[in-house]
Each structure stands twice: as structure tokens, then as C-alpha cells.
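Peer 1: This structure is in C-alpha cells; I'll ask about it shortly.
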Amino acid sequence: MKIIFAGGRNFSSVNAIRKILTYLTEMKIINYKEKITGVSGKAKGADTMFAEELKRFNIPVEEYPAKWDDLGAEPCVIGINNYGDSYNKLAGHNRNTLMAQNADILVCVYEGSAGTKHMINAMKKLGKPTYIFDYNGLPVY
């Protein structure tokens with residue numbers, strides 16, 4: 001089972017991650033006896049923290065960093081960053097779409113960020129299970 005672990009870049013609670021993983025196990029959403037692979041967008045905050053916690057338990061993690069410098073990607077909207085460099089404004093959305101296509105479920109911490117909302121919508125559009133938690137590790141819906 002491939003599980004996307006995602007959420008806000010300002011997320012920083014290892015205790016919440018452990019609470020979420022315990023909840024998912026107790027609710028039989030994940031079973032550590034099955035082959036599990038984490039899927040991470042490599043963004044700071046929740047993505048990176050979940051990946052680090054999974055690696056602590058020798059659970060493999062596939063990483064999908066956003067390709068901000070790929071100006072030939074489809075779709076692409078070119079923006080200019082604070083350093084005057086061009087970048088693809090849709091790189092995060094493109095990455096989320098690819099992760100959604102390659103994973104079975106989404107587990108995320110959500111506090112209103114646009115990127116996490118896009119990830120949730122991408123999974124729901126594909127009809128894949130989505131589990132949303134607040135920053136304290138409590139299920140939202």
C-alpha cells in the first residue's frame with residue numbers, strides 16, 4: 001500500500017504524527033504486516049517530518065520533489081521569485097497530481113493551506129481514501 005503523507009509547511013509536531021500513525025493502526029487503515037511505502041512531496045514541515053518518522057521504522061519512502069525549475073512542464077505558469085529567477089508556479093500542483101496517481105491513500109494534516117487542499121482534492125477526484133487530521137493529530141473528517 002502506498003500512502004501519501006502530506007500537510008502544511010508550518011507543521012512541526014512529532015507527537016501528532018505518532019498519534020496519527022497509532023490512530024490509523026487502531027482503525028485498521030494501515031497494517032504494518034502489509035508492505036507499506038510512504039509517499040512524500042519533500043516539502044518542509046509535514047511532508048518531511050512524516051518521511052523521517054517512517055524511515056525510523058525502516059518503512060521505505062518514495063520522494064516526489066516539486067520541479068520548480070521545469071519551465072517546459074505541462075501545465076506551466078511562469079512566475080518570477082524574489083531573486084529574479086523564473087519558476088513554474090504549478091510545480092506543486094503537478095507534483096500532487098502525480099503523487100495522487102501513484103498512491104493508494106492520503107493521510108494529511110490540514111490547517112487551510114492551498115497546497116494541502118489541492119492534494120486532498122486530487123485524491124478525492126480519483127476516488128481514493130483521504131484521511132485528514134488537525135495539527136494536534138485528531139481526525140477532522
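Ligands are numbered from 1 in the order shown, chains are lettered A, B, ... in the order of the C-alpha cells, and residues start at 1 in each chain.
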Report the closest atom pair, with its distance in Å rounded to one decimal, for each residue of range 90-128 of chain A that has an atom no farther than 10 Å from range 17-24 of chain A; count only C-alpha atoms, sort by chain and then rising residue number, and write it as a tab-separated table.
Peer 2:
residue	atom	partner	partner_atom	distance
A:Val107	CA	A:Ile20	CA	8.7
A:Cys108	CA	A:Ile20	CA	9.2
A:Val109	CA	A:Ile17	CA	8.9
Peer 1: Got time to write the residues from that selection, N, CA and C atoms, as a PDB file, in the first residue's frame?
Peer 2:
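The resulting again_7.pdb:
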ATOM      1  N   VAL A 107      -2.955  10.592   3.771  1.00  0.00           N
ATOM      2  CA  VAL A 107      -3.045  10.955   5.181  1.00  0.00           C
ATOM      3  C   VAL A 107      -2.411  12.328   5.285  1.00  0.00           C
ATOM      4  N   CYS A 108      -3.172  13.309   5.792  1.00  0.00           N
ATOM      5  CA  CYS A 108      -2.591  14.648   5.864  1.00  0.00           C
ATOM      6  C   CYS A 108      -3.031  15.394   7.111  1.00  0.00           C
ATOM      7  N   VAL A 109      -2.206  16.355   7.476  1.00  0.00           N
ATOM      8  CA  VAL A 109      -2.565  17.334   8.496  1.00  0.00           C
ATOM      9  C   VAL A 109      -2.915  18.600   7.731  1.00  0.00           C
TER      10      VAL A 109
END
Peer 1: One decimal, Å: what's the distance from CA of Pro75 in chain A over to CA of His93 in chain A, could you say?
Peer 2: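 We find that CA of Pro75 in chain A and CA of His93 in chain A lie 9.3 Å from each other.
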Peer 1: Counting only C-alpha atoms, which of A:Glu111, A:Asp134, A:Glu52, A:Glu26 gets nearest to Val39 in chain A?
Peer 2: A:Glu52
Peer 1: Please identify all polymer residues within 6 Å of Leu71 in chain A, counting only C-alpha atoms, omitting same-chain residues fewer than 2 positions from it, and present them as a list in words.
Peer 2: Asp69, Ala73 and Asn88 of chain A
